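Below is entry.csv, which holds CSV, C-alpha atoms and all ligand atoms.
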```
chain,number,residue,atom,x,y,z
E,695,MET,CA,-18.2,-35.8,13.0
E,696,ASP,CA,-20.4,-32.8,12.4
E,697,PHE,CA,-23.8,-32.3,14.0
E,698,PHE,CA,-25.8,-33.6,11.1
E,699,SER,CA,-23.7,-36.6,10.0
E,700,GLY,CA,-23.9,-37.8,13.6
E,701,PHE,CA,-27.6,-38.3,13.2
E,702,ARG,CA,-27.0,-40.3,10.0
E,703,ASP,CA,-24.2,-42.6,11.3
E,704,PRO,CA,-24.9,-46.2,10.1
E,705,ALA,CA,-22.8,-47.6,12.9
E,706,ILE,CA,-25.3,-46.1,15.4
E,707,ALA,CA,-28.3,-46.8,13.2
E,708,ARG,CA,-27.5,-50.6,12.9
E,709,PRO,CA,-28.1,-51.5,16.6
E,710,LEU,CA,-31.2,-49.3,16.7
E,711,LEU,CA,-32.6,-51.2,13.7
E,712,GLU,CA,-31.7,-54.5,15.4
E,713,LYS,CA,-33.5,-53.4,18.5
E,714,ILE,CA,-36.6,-52.6,16.5
E,715,ARG,CA,-36.4,-56.0,14.8
E,716,ALA,CA,-35.8,-57.8,18.1
E,717,ALA,CA,-38.7,-56.1,19.8
E,718,GLY,CA,-41.1,-58.0,17.5
E,719,ARG,CA,-43.8,-55.6,18.4
E,720,GLY,CA,-45.3,-54.2,15.1
E,721,VAL,CA,-46.3,-50.6,14.8
E,722,ARG,CA,-48.8,-49.2,12.3
E,723,PHE,CA,-47.6,-45.7,12.4
E,724,MET,CA,-48.4,-42.5,10.6
E,725,GLU,CA,-45.9,-39.7,10.1
E,726,VAL,CA,-47.9,-36.5,9.9
E,727,CYS,CA,-45.3,-34.4,8.1
E,728,GLY,CA,-44.3,-34.4,4.5
E,729,THR,CA,-40.6,-33.8,5.5
E,730,HIS,CA,-40.7,-37.0,7.4
E,731,THR,CA,-42.2,-38.8,4.4
E,732,VAL,CA,-39.3,-37.7,2.3
E,733,ALA,CA,-36.7,-38.4,5.0
E,734,ILE,CA,-38.0,-42.0,5.5
E,735,PHE,CA,-37.7,-42.7,1.8
E,736,GLN,CA,-34.5,-40.7,1.1
E,737,SER,CA,-32.6,-42.4,3.9
E,738,GLY,CA,-33.6,-45.9,2.8
E,739,LEU,CA,-35.4,-46.6,6.1
E,740,HIS,CA,-38.5,-47.6,4.3
E,741,SER,CA,-36.8,-50.6,2.9
E,742,LEU,CA,-34.8,-51.5,6.0
E,743,LEU,CA,-37.6,-51.6,8.5
E,744,PRO,CA,-39.2,-55.0,9.2
E,745,GLU,CA,-42.5,-55.8,7.7
E,746,ASN,CA,-44.4,-55.4,10.9
E,747,ILE,CA,-43.5,-51.7,11.0
E,748,VAL,CA,-46.1,-50.3,8.7
E,749,HIS,CA,-45.6,-46.8,7.5
E,750,LEU,CA,-48.6,-44.7,6.5
E,751,THR,CA,-48.2,-41.2,5.1
E,752,GLY,CA,-50.4,-38.5,6.6
E,753,PRO,CA,-51.9,-35.1,5.8
E,754,GLY,CA,-48.8,-33.1,6.5
E,755,CYS,CA,-48.0,-31.7,3.1
E,756,PRO,CA,-49.5,-28.2,3.0
E,757,VAL,CA,-49.9,-28.2,-0.8
E,758,CYS,CA,-51.6,-31.6,-0.8
E,759,VAL,CA,-54.2,-30.6,1.8
E,760,THR,CA,-55.1,-27.3,0.1
E,761,HIS,CA,-58.8,-28.0,-0.9
E,762,ASP,CA,-60.1,-27.8,-4.5
E,763,ALA,CA,-62.3,-24.9,-3.4
E,764,GLU,CA,-59.2,-23.0,-2.2
E,765,VAL,CA,-57.4,-23.8,-5.5
E,766,ALA,CA,-60.4,-22.5,-7.4
E,767,ALA,CA,-60.4,-19.3,-5.2
E,768,TYR,CA,-56.8,-18.4,-5.9
E,769,MET,CA,-57.3,-19.2,-9.6
E,770,GLU,CA,-60.2,-16.8,-9.6
E,771,ALA,CA,-58.0,-14.2,-7.9
E,772,ALA,CA,-55.3,-14.7,-10.5
E,773,GLY,CA,-57.9,-14.0,-13.3
E,774,LYS,CA,-58.8,-10.6,-11.9
E,775,ASP,CA,-57.6,-7.3,-13.5
E,776,GLY,CA,-55.0,-5.4,-11.5
E,777,VAL,CA,-54.0,-8.4,-9.4
E,778,ILE,CA,-50.5,-9.8,-9.0
E,779,MET,CA,-50.4,-13.2,-7.4
E,780,ALA,CA,-47.4,-14.0,-5.2
E,781,THR,CA,-46.9,-17.7,-4.3
E,782,PHE,CA,-44.4,-20.3,-3.2
E,783,GLY,CA,-43.3,-22.3,-6.3
E,784,ASP,CA,-44.9,-25.6,-5.1
E,785,LEU,CA,-48.4,-24.3,-5.9
E,786,MET,CA,-47.6,-23.4,-9.6
E,787,LYS,CA,-48.4,-26.9,-11.0
E,788,VAL,CA,-51.3,-27.9,-8.8
E,789,PRO,CA,-54.3,-28.7,-11.1
E,790,GLY,CA,-57.4,-26.6,-10.4
E,791,PRO,CA,-60.9,-26.9,-11.7
E,792,GLY,CA,-60.9,-27.7,-15.4
E,793,GLY,CA,-57.2,-28.8,-15.3
E,794,GLY,CA,-55.8,-25.3,-15.3
E,795,SER,CA,-53.0,-24.3,-12.9
E,796,LEU,CA,-51.2,-21.1,-11.9
E,797,LYS,CA,-48.5,-22.0,-14.4
E,798,SER,CA,-51.0,-22.3,-17.3
E,799,ALA,CA,-52.7,-19.1,-16.1
E,800,GLN,CA,-49.4,-17.4,-16.2
E,801,ALA,CA,-48.8,-18.6,-19.7
E,802,ASP,CA,-52.2,-17.2,-20.6
E,803,GLY,CA,-51.2,-13.8,-19.3
E,804,ALA,CA,-52.0,-13.8,-15.5
E,805,ARG,CA,-49.5,-12.0,-13.4
E,806,VAL,CA,-48.1,-14.7,-11.1
E,807,LYS,CA,-44.8,-14.4,-9.3
E,808,VAL,CA,-42.9,-17.1,-7.4
E,809,VAL,CA,-41.5,-15.8,-4.1
E,810,TYR,CA,-39.3,-17.4,-1.5
E,811,SER,CA,-40.7,-15.7,1.5
E,812,PRO,CA,-43.8,-13.5,2.4
E,813,PRO,CA,-41.7,-10.3,2.7
E,814,ASP,CA,-40.8,-10.8,-1.0
E,815,ALA,CA,-44.5,-10.3,-1.7
E,816,LEU,CA,-44.3,-7.0,0.3
E,817,LYS,CA,-41.5,-5.8,-2.0
E,818,ILE,CA,-43.7,-6.6,-5.0
E,819,ALA,CA,-46.5,-4.6,-3.4
E,820,HIS,CA,-44.1,-1.6,-2.9
E,821,GLU,CA,-43.0,-1.8,-6.5
E,822,ASN,CA,-46.5,-2.0,-7.9
E,823,PRO,CA,-48.6,0.6,-6.0
E,824,ASN,CA,-51.4,0.6,-8.5
E,825,ASP,CA,-51.9,-3.2,-8.3
E,826,THR,CA,-53.2,-5.5,-5.6
E,827,VAL,CA,-50.6,-8.1,-4.6
E,828,VAL,CA,-52.2,-11.3,-3.3
E,829,PHE,CA,-50.0,-13.7,-1.3
E,830,ILE,CA,-51.3,-17.3,-1.2
E,831,GLY,CA,-51.0,-18.3,2.4
E,832,VAL,CA,-50.9,-22.1,2.5
E,833,GLY,CA,-49.1,-24.0,5.2
E,834,PHE,CA,-49.3,-25.1,8.8
E,835,GLU,CA,-48.3,-23.5,12.1
E,836,THR,CA,-44.7,-23.4,10.7
E,837,THR,CA,-45.6,-20.9,8.0
E,838,ALA,CA,-48.4,-18.9,9.7
E,839,PRO,CA,-46.2,-16.9,12.1
E,840,GLY,CA,-44.0,-15.6,9.3
E,841,ILE,CA,-47.1,-14.5,7.4
E,842,ALA,CA,-48.6,-12.8,10.5
E,843,ALA,CA,-45.3,-10.9,10.9
E,844,THR,CA,-45.4,-9.8,7.3
E,845,VAL,CA,-49.0,-8.6,7.7
E,846,LYS,CA,-47.8,-6.5,10.7
E,847,MET,CA,-44.9,-5.2,8.6
E,848,ALA,CA,-47.4,-4.1,5.9
E,849,GLU,CA,-49.5,-2.4,8.5
E,850,ALA,CA,-46.5,-0.6,9.9
E,851,GLN,CA,-45.5,0.5,6.4
E,852,GLY,CA,-49.0,1.7,5.6
E,853,LEU,CA,-49.1,-0.6,2.6
E,854,SER,CA,-52.7,-1.0,1.5
E,855,ASN,CA,-52.3,-3.1,-1.7
E,856,PHE,CA,-50.9,-6.2,0.1
E,857,LYS,CA,-53.5,-8.9,0.7
E,858,VAL,CA,-53.3,-12.6,1.9
E,859,LEU,CA,-55.4,-15.6,1.1
E,860,SER,CA,-55.4,-17.3,4.4
E,861,PHE,CA,-55.6,-21.0,3.7
E,862,HIS,CA,-53.5,-22.0,6.7
E,863,LYS,CA,-54.2,-25.3,8.4
E,864,LEU,CA,-53.6,-26.4,12.0
E,865,VAL,CA,-52.3,-29.9,12.7
E,866,PRO,CA,-53.8,-30.9,16.1
E,867,PRO,CA,-57.5,-30.6,14.9
E,868,ALA,CA,-56.6,-32.7,11.8
E,869,LEU,CA,-55.2,-35.5,14.1
E,870,ARG,CA,-58.3,-35.3,16.1
E,871,ALA,CA,-60.4,-35.7,13.0
E,872,LEU,CA,-58.3,-38.6,11.7
E,873,LEU,CA,-58.6,-40.5,15.0
E,874,SER,CA,-62.3,-39.9,15.2
E,875,ASP,CA,-62.7,-41.7,11.9
E,876,PRO,CA,-63.7,-45.3,12.7
E,877,GLU,CA,-62.0,-46.6,9.6
E,878,MET,CA,-58.6,-45.2,10.6
E,879,ALA,CA,-56.3,-48.0,11.7
E,880,VAL,CA,-53.3,-45.9,13.0
E,881,GLU,CA,-51.7,-47.2,16.2
E,882,ALA,CA,-49.2,-44.4,16.7
E,883,PHE,CA,-47.9,-41.1,15.3
E,884,ILE,CA,-44.5,-39.6,14.5
E,885,LEU,CA,-45.3,-35.9,15.0
E,886,PRO,CA,-43.9,-33.1,12.9
E,887,GLY,CA,-40.7,-31.5,14.2
E,888,HIS,CA,-41.2,-28.1,12.5
E,889,VAL,CA,-44.8,-27.5,13.5
E,890,SER,CA,-44.0,-28.8,17.0
E,891,ALA,CA,-41.2,-26.2,17.3
E,892,VAL,CA,-43.9,-23.6,17.2
E,893,ILE,CA,-46.8,-25.2,19.1
E,894,GLY,CA,-44.7,-27.3,21.5
E,895,ALA,CA,-44.9,-31.0,22.3
E,896,ARG,CA,-47.6,-30.6,25.0
E,897,ALA,CA,-50.1,-29.4,22.3
E,898,TYR,CA,-50.6,-33.1,21.4
E,899,ASP,CA,-51.2,-34.5,24.9
E,900,PHE,CA,-54.8,-35.2,23.9
E,901,LEU,CA,-53.6,-38.0,21.6
E,902,ALA,CA,-52.6,-40.1,24.6
E,903,GLU,CA,-55.2,-38.7,27.1
E,904,GLU,CA,-58.3,-38.9,24.9
E,905,PHE,CA,-57.4,-41.4,22.2
E,906,LYS,CA,-54.9,-43.6,24.0
E,907,THR,CA,-52.6,-43.2,21.0
E,908,PRO,CA,-48.9,-43.0,21.6
E,909,ALA,CA,-47.0,-40.3,19.7
E,910,VAL,CA,-43.4,-39.0,19.4
E,911,VAL,CA,-42.3,-35.6,18.2
E,912,ALA,CA,-39.2,-36.5,16.1
E,913,GLY,CA,-36.5,-34.9,14.1
E,914,PHE,CA,-35.9,-35.6,10.5
E,915,GLU,CA,-32.6,-37.6,10.5
E,916,PRO,CA,-32.6,-41.4,10.3
E,917,LEU,CA,-31.5,-41.8,13.9
E,918,ASP,CA,-34.3,-39.5,15.1
E,919,ILE,CA,-36.9,-41.7,13.3
E,920,LEU,CA,-35.4,-45.0,14.5
E,921,GLN,CA,-35.4,-43.7,18.1
E,922,ALA,CA,-39.0,-42.5,17.7
E,923,LEU,CA,-40.0,-46.0,16.5
E,924,ILE,CA,-38.3,-47.6,19.5
E,925,LEU,CA,-40.2,-45.3,21.8
E,926,LEU,CA,-43.5,-46.1,20.1
E,927,GLN,CA,-42.8,-49.8,20.3
E,928,GLU,CA,-42.0,-49.5,24.0
E,929,MET,CA,-45.2,-47.6,24.7
E,930,LEU,CA,-47.4,-50.0,22.8
E,931,GLU,CA,-45.7,-53.0,24.4
E,932,LYS,CA,-46.4,-51.6,27.9
E,933,GLY,CA,-49.8,-50.3,27.1
E,934,GLU,CA,-48.8,-46.9,28.4
E,935,PRO,CA,-49.6,-44.3,25.7
E,936,ALA,CA,-47.9,-40.9,26.1
E,937,VAL,CA,-46.7,-38.0,23.9
E,938,LEU,CA,-42.9,-38.0,24.1
E,939,ASN,CA,-40.5,-35.5,22.7
E,940,GLN,CA,-37.5,-37.0,20.9
E,941,TYR,CA,-36.6,-33.7,19.2
E,942,THR,CA,-35.5,-31.8,22.3
E,943,ARG,CA,-32.7,-30.1,20.5
E,944,VAL,CA,-35.3,-28.1,18.6
E,945,VAL,CA,-38.7,-28.5,20.2
E,946,ALA,CA,-39.6,-27.2,23.7
E,947,ASP,CA,-42.6,-28.5,25.6
E,948,GLU,CA,-44.4,-25.2,25.4
E,949,GLY,CA,-43.1,-24.3,21.9
E,950,ASN,CA,-42.2,-20.8,20.6
E,951,ARG,CA,-44.2,-18.3,22.6
E,952,LYS,CA,-43.3,-15.4,20.3
E,953,ALA,CA,-44.5,-17.2,17.2
E,954,GLN,CA,-47.7,-18.3,18.9
E,955,ALA,CA,-48.3,-14.7,20.0
E,956,LEU,CA,-47.8,-13.3,16.5
E,957,MET,CA,-50.3,-15.8,15.1
E,958,ALA,CA,-52.8,-15.2,17.8
E,959,ASP,CA,-52.5,-11.4,17.2
E,960,VAL,CA,-53.3,-11.5,13.5
E,961,PHE,CA,-55.4,-14.6,13.2
E,962,GLU,CA,-58.2,-16.5,14.9
E,963,THR,CA,-59.2,-20.1,14.4
E,964,CYS,CA,-62.0,-20.9,12.0
E,965,ASP,CA,-63.3,-24.1,10.3
E,966,ALA,CA,-61.3,-25.1,7.3
E,967,ARG,CA,-61.7,-27.4,4.3
E,968,TRP,CA,-59.0,-30.1,3.9
E,969,ARG,CA,-58.6,-31.9,0.6
E,970,GLY,CA,-60.0,-35.4,0.9
E,971,ILE,CA,-60.9,-35.0,4.5
E,972,GLY,CA,-63.6,-32.2,4.4
E,973,VAL,CA,-64.3,-29.5,6.9
E,974,ILE,CA,-62.5,-29.8,10.2
E,975,PRO,CA,-63.7,-27.5,13.0
E,976,GLY,CA,-61.2,-25.0,14.3
E,977,SER,CA,-58.5,-26.2,11.9
E,978,GLY,CA,-57.9,-23.0,9.9
E,979,LEU,CA,-56.8,-19.4,10.5
E,980,ALA,CA,-59.0,-16.4,9.6
E,981,PHE,CA,-58.0,-12.7,9.9
E,982,ARG,CA,-59.1,-11.1,13.2
E,983,GLY,CA,-61.4,-8.0,12.8
E,984,GLU,CA,-58.6,-5.5,13.1
E,985,TYR,CA,-56.6,-7.1,10.3
E,986,GLU,CA,-59.5,-7.9,8.0
E,987,ARG,CA,-58.4,-5.3,5.4
E,988,PHE,CA,-55.5,-7.7,4.5
E,989,ASP,CA,-58.0,-10.5,3.7
E,990,ALA,CA,-57.8,-11.1,0.0
E,991,MET,CA,-61.1,-13.0,-0.1
E,992,LYS,CA,-62.9,-10.0,1.2
E,993,ALA,CA,-61.0,-7.4,-0.8
E,994,LEU,CA,-61.6,-9.2,-4.1
E,995,GLY,CA,-65.1,-10.4,-3.3
E,996,ILE,CA,-64.2,-14.1,-3.7
E,997,GLU,CA,-66.0,-16.9,-1.9
E,998,LEU,CA,-65.1,-20.5,-1.5
E,999,ARG,CA,-67.5,-22.5,-3.7
E,1000,ASP,CA,-68.0,-26.2,-4.2
E,1001,VAL,CA,-66.1,-27.5,-7.2
E,1002,PRO,CA,-66.0,-31.0,-8.6
E,1003,PRO,CA,-63.0,-33.1,-7.3
E,1004,LEU,CA,-60.2,-33.9,-9.7
E,1005,PRO,CA,-61.5,-37.0,-11.7
E,1006,GLY,CA,-59.9,-40.2,-10.6
E,1007,CYS,CA,-57.5,-38.7,-8.1
E,1008,ARG,CA,-57.3,-40.5,-4.8
E,1009,CYS,CA,-55.3,-37.9,-2.9
E,1010,GLY,CA,-58.0,-37.9,-0.1
E,1011,ASP,CA,-57.4,-41.6,0.7
E,1012,VAL,CA,-53.7,-41.2,0.4
E,1013,LEU,CA,-53.7,-38.2,2.9
E,1014,LYS,CA,-55.8,-40.3,5.4
E,1015,GLY,CA,-53.4,-43.2,5.2
E,1016,LYS,CA,-56.0,-45.4,3.7
E,1017,LEU,CA,-54.4,-46.0,0.3
E,1018,PRO,CA,-50.6,-46.3,-0.5
E,1019,PRO,CA,-49.9,-43.9,-3.4
E,1020,ASN,CA,-48.8,-46.7,-5.7
E,1021,LYS,CA,-52.3,-48.3,-5.3
E,1022,CYS,CA,-54.0,-45.3,-6.9
E,1023,PRO,CA,-55.1,-46.5,-10.4
E,1024,LEU,CA,-53.6,-43.4,-12.0
E,1025,PHE,CA,-50.1,-43.7,-10.3
E,1026,LYS,CA,-47.3,-43.6,-12.8
E,1027,LYS,CA,-49.8,-44.4,-15.6
E,1028,VAL,CA,-51.6,-41.1,-16.0
E,1029,CYS,CA,-50.2,-39.2,-13.1
E,1030,THR,CA,-46.5,-38.3,-13.0
E,1031,PRO,CA,-44.5,-35.4,-11.6
E,1032,ALA,CA,-44.3,-34.1,-15.2
E,1033,LYS,CA,-48.0,-34.3,-15.6
E,1034,PRO,CA,-49.6,-34.5,-12.2
E,1035,VAL,CA,-53.3,-35.2,-11.7
E,1036,GLY,CA,-53.4,-34.3,-8.1
E,1037,PRO,CA,-51.3,-32.2,-5.6
E,1038,CYS,CA,-49.8,-35.2,-3.9
E,1039,MET,CA,-47.8,-35.8,-7.1
E,1040,VAL,CA,-46.9,-32.1,-7.4
E,1041,SER,CA,-45.3,-31.1,-4.1
E,1042,THR,CA,-41.8,-32.2,-3.2
E,1043,GLU,CA,-43.3,-33.2,0.2
E,1044,GLY,CA,-46.2,-35.1,-1.4
E,1045,SER,CA,-46.4,-38.9,-0.8
E,1046,CYS,CA,-47.2,-39.7,-4.4
E,1047,ALA,CA,-44.2,-37.7,-5.6
E,1048,ALA,CA,-42.0,-39.5,-3.0
E,1049,TYR,CA,-43.2,-42.9,-4.1
E,1050,PHE,CA,-42.5,-42.0,-7.7
E,1051,LYS,CA,-39.1,-40.5,-7.0
E,1052,TYR,CA,-37.9,-43.4,-4.9
E,1053,ASN,CA,-39.5,-45.9,-7.3
E,1054,LEU,CA,-41.6,-47.6,-4.6
E,1055,GLU,CA,-43.8,-50.4,-5.9
E,1056,SER,CA,-44.9,-51.8,-2.6
E,1101,LIG,S1,-51.1,-40.8,-7.9
E,1101,LIG,FE1,-51.9,-38.9,-8.7
E,1101,LIG,S2,-54.0,-39.2,-9.0
E,1101,LIG,FE2,-53.4,-40.8,-7.7
E,1101,LIG,S3,-53.7,-40.0,-5.6
E,1101,LIG,FE3,-51.6,-39.5,-6.2
E,1101,LIG,S4,-51.7,-37.4,-7.0
E,1101,LIG,FE4,-53.8,-38.2,-7.0
```
Here is the file; what I need is its structure written in the form of C-alpha cells.
Ligand code: SF4
Amino acid sequence: MDFFSGFRDPAIARPLLEKIRAAGRGVRFMEVCGTHTVAIFQSGLHSLLPENIVHLTGPGCPVCVTHDAEVAAYMEAAGKDGVIMATFGDLMKVPGPGGGSLKSAQADGARVKVVYSPPDALKIAHENPNDTVVFIGVGFETTAPGIAATVKMAEAQGLSNFKVLSFHKLVPPALRALLSDPEMAVEAFILPGHVSAVIGARAYDFLAEEFKTPAVVAGFEPLDILQALILLQEMLEKGEPAVLNQYTRVVADEGNRKAQALMADVFETCDARWRGIGVIPGSGLAFRGEYERFDAMKALGIELRDVPPLPGCRCGDVLKGKLPPNKCPLFKKVCTPAKPVGPCMVSTEGSCAAYFKYNLES
C-alpha cells in the first residue's frame, strides 16, 4: 500500500461512511477550495453521502473569483503595443467584456504566452528586453509566495521589463464576508489544504470564535474528506464549534513562516473585488512601495473600471453556495466547457465545469 492509495482505500472508507450515516446529524457544509470540489466529485463521494449531508461549493477557484474588472484590465494590457502577456493556461478562455478572451486576443495578434510557473515569465522577459512582460497574478495564498519570490528574483537580476498584475485574493476575509451575509446558510466549512499549508490552521480560528461555525482543514483524498465530515458532525452534535486540523501531514498550526514572510515583504493587503461577491476589505494583495515598479497596472496606466457582468451568468450565486451550477438556466444549454459563458465553466477547478464533467443533474 503506498501513501496515496492508503487514503483511497474503500475498505477503510466504508466504515467511515457508515459512521456518517449512523450519526444522523445533517451537515450543510461548504468546501472552500476548487481542488476539494473536484476531489468530492472525482472520488464519487458526492453520490455516496446521505442526503442530509449537503455539499455547497465555495469561492475557492482562483480563476472563478477573478472579477470582470480584472479580466477587462488584463485584456486591456494584452492590447497594448510592446506588451507580452504571460499567464497560466486556465485564464485563456475566460470570457471578458464583449465576449473576447485571451485566446481570441491571441488569434487577433496579441502576444500571449502560457507559462507553467512565474519564473517562466522571467525567462520571457530576459529573452525580450525591448518588450514589457506582464505576468497575470491570480490565485490565493498558495500562489502569492511564489510570485513574491519571482519579483525578488527580478529585482536581484536587475530586470526592469518584468511586471505583475496583482489580482491575488486572500481566503480568510472571503470566509468572513460569506458568513456576514444573512442569506448564507452554511453550517460548517471544509477548509483548503493548500492555502492552509501557507497560512496555518490557526488563521481560521475566528470562524469558531466569532461566528460559532465549525471548520476542518482537510486533505484532498476521500478518507480525508470523510474524516473531516465526521469531525464536523461531532462538533455540530455537541454544539462545540472549533477549527480542527485533519491535514496534519501537510498543514502546521502556524503555517509556512518563510512563505508568509516572502508575501509580507513584497505585498501588503488591500481591498479586492471578487466576482459575484463584490469588494471585500483586506482581501487582496497590492505591491508595497519599494516594489511598486513591478506593478503592471501602474506601469501601463491601467485602472480597474466597472464593466457590465456577463449576461445571464450566475457564477456569483454559484460561488456563494446559493445556486447549484446545474440550476443556472444556461448550464449545459448555452454554457459548456467548449463554449463557456462564465469562468466557473472554464477552470478545471470550477464548480460548473465539475458538474458538467461528472454529469451531475442534482
Ligand atoms: S453554468 Fe455557465 S453561465 Fe451558469 S453560472 Fe456556471 S459558468 Fe456561469
Using only C-alpha atoms and all ligand atoms, I'd like a table of the residues in chain E that come within 7 Å of ligand LIG 1101 (chain E); for each, show the closest atom pair and its distance in Å rounded to one decimal, ordered by chain and ascending number, as JSON lines.
```
{"residue": "E:Gly1006", "atom": "CA", "partner": "E:LIG1101", "partner_atom": "S2", "distance": 6.2}
{"residue": "E:Cys1007", "atom": "CA", "partner": "E:LIG1101", "partner_atom": "S2", "distance": 3.6}
{"residue": "E:Arg1008", "atom": "CA", "partner": "E:LIG1101", "partner_atom": "S3", "distance": 3.7}
{"residue": "E:Cys1009", "atom": "CA", "partner": "E:LIG1101", "partner_atom": "S3", "distance": 3.8}
{"residue": "E:Val1012", "atom": "CA", "partner": "E:LIG1101", "partner_atom": "S3", "distance": 6.1}
{"residue": "E:Pro1019", "atom": "CA", "partner": "E:LIG1101", "partner_atom": "FE3", "distance": 5.5}
{"residue": "E:Asn1020", "atom": "CA", "partner": "E:LIG1101", "partner_atom": "S1", "distance": 6.7}
{"residue": "E:Cys1022", "atom": "CA", "partner": "E:LIG1101", "partner_atom": "FE2", "distance": 4.6}
{"residue": "E:Pro1023", "atom": "CA", "partner": "E:LIG1101", "partner_atom": "FE2", "distance": 6.5}
{"residue": "E:Leu1024", "atom": "CA", "partner": "E:LIG1101", "partner_atom": "FE2", "distance": 5.0}
{"residue": "E:Phe1025", "atom": "CA", "partner": "E:LIG1101", "partner_atom": "S1", "distance": 3.9}
{"residue": "E:Lys1026", "atom": "CA", "partner": "E:LIG1101", "partner_atom": "S1", "distance": 6.8}
{"residue": "E:Cys1029", "atom": "CA", "partner": "E:LIG1101", "partner_atom": "FE1", "distance": 4.7}
{"residue": "E:Thr1030", "atom": "CA", "partner": "E:LIG1101", "partner_atom": "FE1", "distance": 6.9}
{"residue": "E:Pro1034", "atom": "CA", "partner": "E:LIG1101", "partner_atom": "FE1", "distance": 6.1}
{"residue": "E:Val1035", "atom": "CA", "partner": "E:LIG1101", "partner_atom": "S2", "distance": 4.9}
{"residue": "E:Gly1036", "atom": "CA", "partner": "E:LIG1101", "partner_atom": "S4", "distance": 3.7}
{"residue": "E:Pro1037", "atom": "CA", "partner": "E:LIG1101", "partner_atom": "S4", "distance": 5.4}
{"residue": "E:Cys1038", "atom": "CA", "partner": "E:LIG1101", "partner_atom": "S4", "distance": 4.2}
{"residue": "E:Met1039", "atom": "CA", "partner": "E:LIG1101", "partner_atom": "S4", "distance": 4.2}
{"residue": "E:Cys1046", "atom": "CA", "partner": "E:LIG1101", "partner_atom": "FE3", "distance": 4.8}
```
What's the 10 Å shell around Pro789 in chain E, counting only C-alpha atoms, without same-chain residues fewer than 2 positions away, as a ChimeraX atom specification?
/E:762,765-766,785-787,791-798,1004,1033-1037,1040
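Nearest to Asn1053 in chain E of all the residues E:Cys758, E:Arg987, E:Phe735, E:Met769 is E:Phe735, counting all atoms listed in the file.
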Counting only C-alpha atoms, what are the residues of range 947-994 of chain E within 6 Å of range 856-871 of chain E, and for each of them which pair of atoms is the nearest and at what distance in Å, to one decimal? Sort the table by chain and rising number, as CSV.
```
residue,atom,partner,partner_atom,distance
E:Ser977,CA,E:Leu864,CA,4.9
E:Gly978,CA,E:Lys863,CA,4.6
E:Leu979,CA,E:His862,CA,5.7
E:Phe988,CA,E:Lys857,CA,4.5
E:Asp989,CA,E:Val858,CA,5.5
E:Ala990,CA,E:Lys857,CA,4.9
```
My list of candidates is E:Gly720, E:Gly776, E:Pro1018, E:Gly894. Which is closest to Asn939 in chain E when distances are computed with all atoms listed in the file?
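Of all the options, E:Gly894 lies closest to Asn939 in chain E.
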Which one is closest to Ile924 in chain E: E:Ala882, E:Met957, E:Cys755, E:Val806? Count all atoms listed in the file.
E:Ala882
Within 7 Å of Asp825 in chain E using only C-alpha atoms, minus same-chain residues under 4 positions, as an mmCIF file with C-alpha atoms, in the coordinates of the input:
```
data_model
loop_
_atom_site.group_PDB
_atom_site.id
_atom_site.type_symbol
_atom_site.label_atom_id
_atom_site.label_comp_id
_atom_site.auth_asym_id
_atom_site.auth_seq_id
_atom_site.Cartn_x
_atom_site.Cartn_y
_atom_site.Cartn_z
ATOM 1 C CA GLY E 776 -55.000 -5.400 -11.500
ATOM 2 C CA VAL E 777 -54.000 -8.400 -9.400
ATOM 3 C CA ILE E 778 -50.500 -9.800 -9.000
ATOM 4 C CA ASN E 855 -52.300 -3.100 -1.700
#
```
Mind giving me the straight-line distance from CA of Glu928 in chain E to CA of Thr907 in chain E in Å, one decimal?
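Taking CA of Glu928 in chain E as the start and CA of Thr907 in chain E as the end point, the length is 12.7 Å.
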Which residues are close to Ile747 in chain E, i.e. within 8 Å by only C-alpha atoms, leaving aside same-chain residues fewer than 3 positions away? Reply as a PyMOL selection string.
chain E and resi 720-723+743-744
Using the partial input, fill out range 1029-1036 of chain E with N, CA, C and O atoms; write the result as a CSV table (one decimal), in the frame of the given file.
```csv
chain,number,residue,atom,x,y,z
E,1029,CYS,N,-50.7,-40.3,-14.0
E,1029,CYS,CA,-50.2,-39.2,-13.1
E,1029,CYS,C,-48.7,-39.3,-12.8
E,1029,CYS,O,-48.3,-40.4,-12.2
E,1030,THR,N,-48.0,-38.4,-13.2
E,1030,THR,CA,-46.5,-38.3,-13.0
E,1030,THR,C,-46.1,-36.9,-12.5
E,1030,THR,O,-46.9,-36.0,-12.7
E,1031,PRO,N,-44.9,-36.7,-12.0
E,1031,PRO,CA,-44.5,-35.4,-11.6
E,1031,PRO,C,-44.5,-34.4,-12.8
E,1031,PRO,O,-44.8,-33.2,-12.6
E,1032,ALA,N,-44.3,-35.0,-14.0
E,1032,ALA,CA,-44.3,-34.1,-15.2
E,1032,ALA,C,-45.7,-33.7,-15.6
E,1032,ALA,O,-45.9,-32.6,-16.1
E,1033,LYS,N,-46.6,-34.6,-15.3
E,1033,LYS,CA,-48.0,-34.3,-15.6
E,1033,LYS,C,-48.9,-34.8,-14.5
E,1033,LYS,O,-49.6,-35.8,-14.5
E,1034,PRO,N,-48.9,-34.0,-13.4
E,1034,PRO,CA,-49.6,-34.5,-12.2
E,1034,PRO,C,-51.1,-34.3,-12.3
E,1034,PRO,O,-51.6,-33.4,-12.9
E,1035,VAL,N,-51.8,-35.3,-11.8
E,1035,VAL,CA,-53.3,-35.2,-11.7
E,1035,VAL,C,-53.7,-34.6,-10.4
E,1035,VAL,O,-54.7,-33.8,-10.4
E,1036,GLY,N,-53.0,-34.8,-9.4
E,1036,GLY,CA,-53.4,-34.3,-8.1
E,1036,GLY,C,-52.1,-33.7,-7.4
E,1036,GLY,O,-51.0,-33.9,-7.8
```
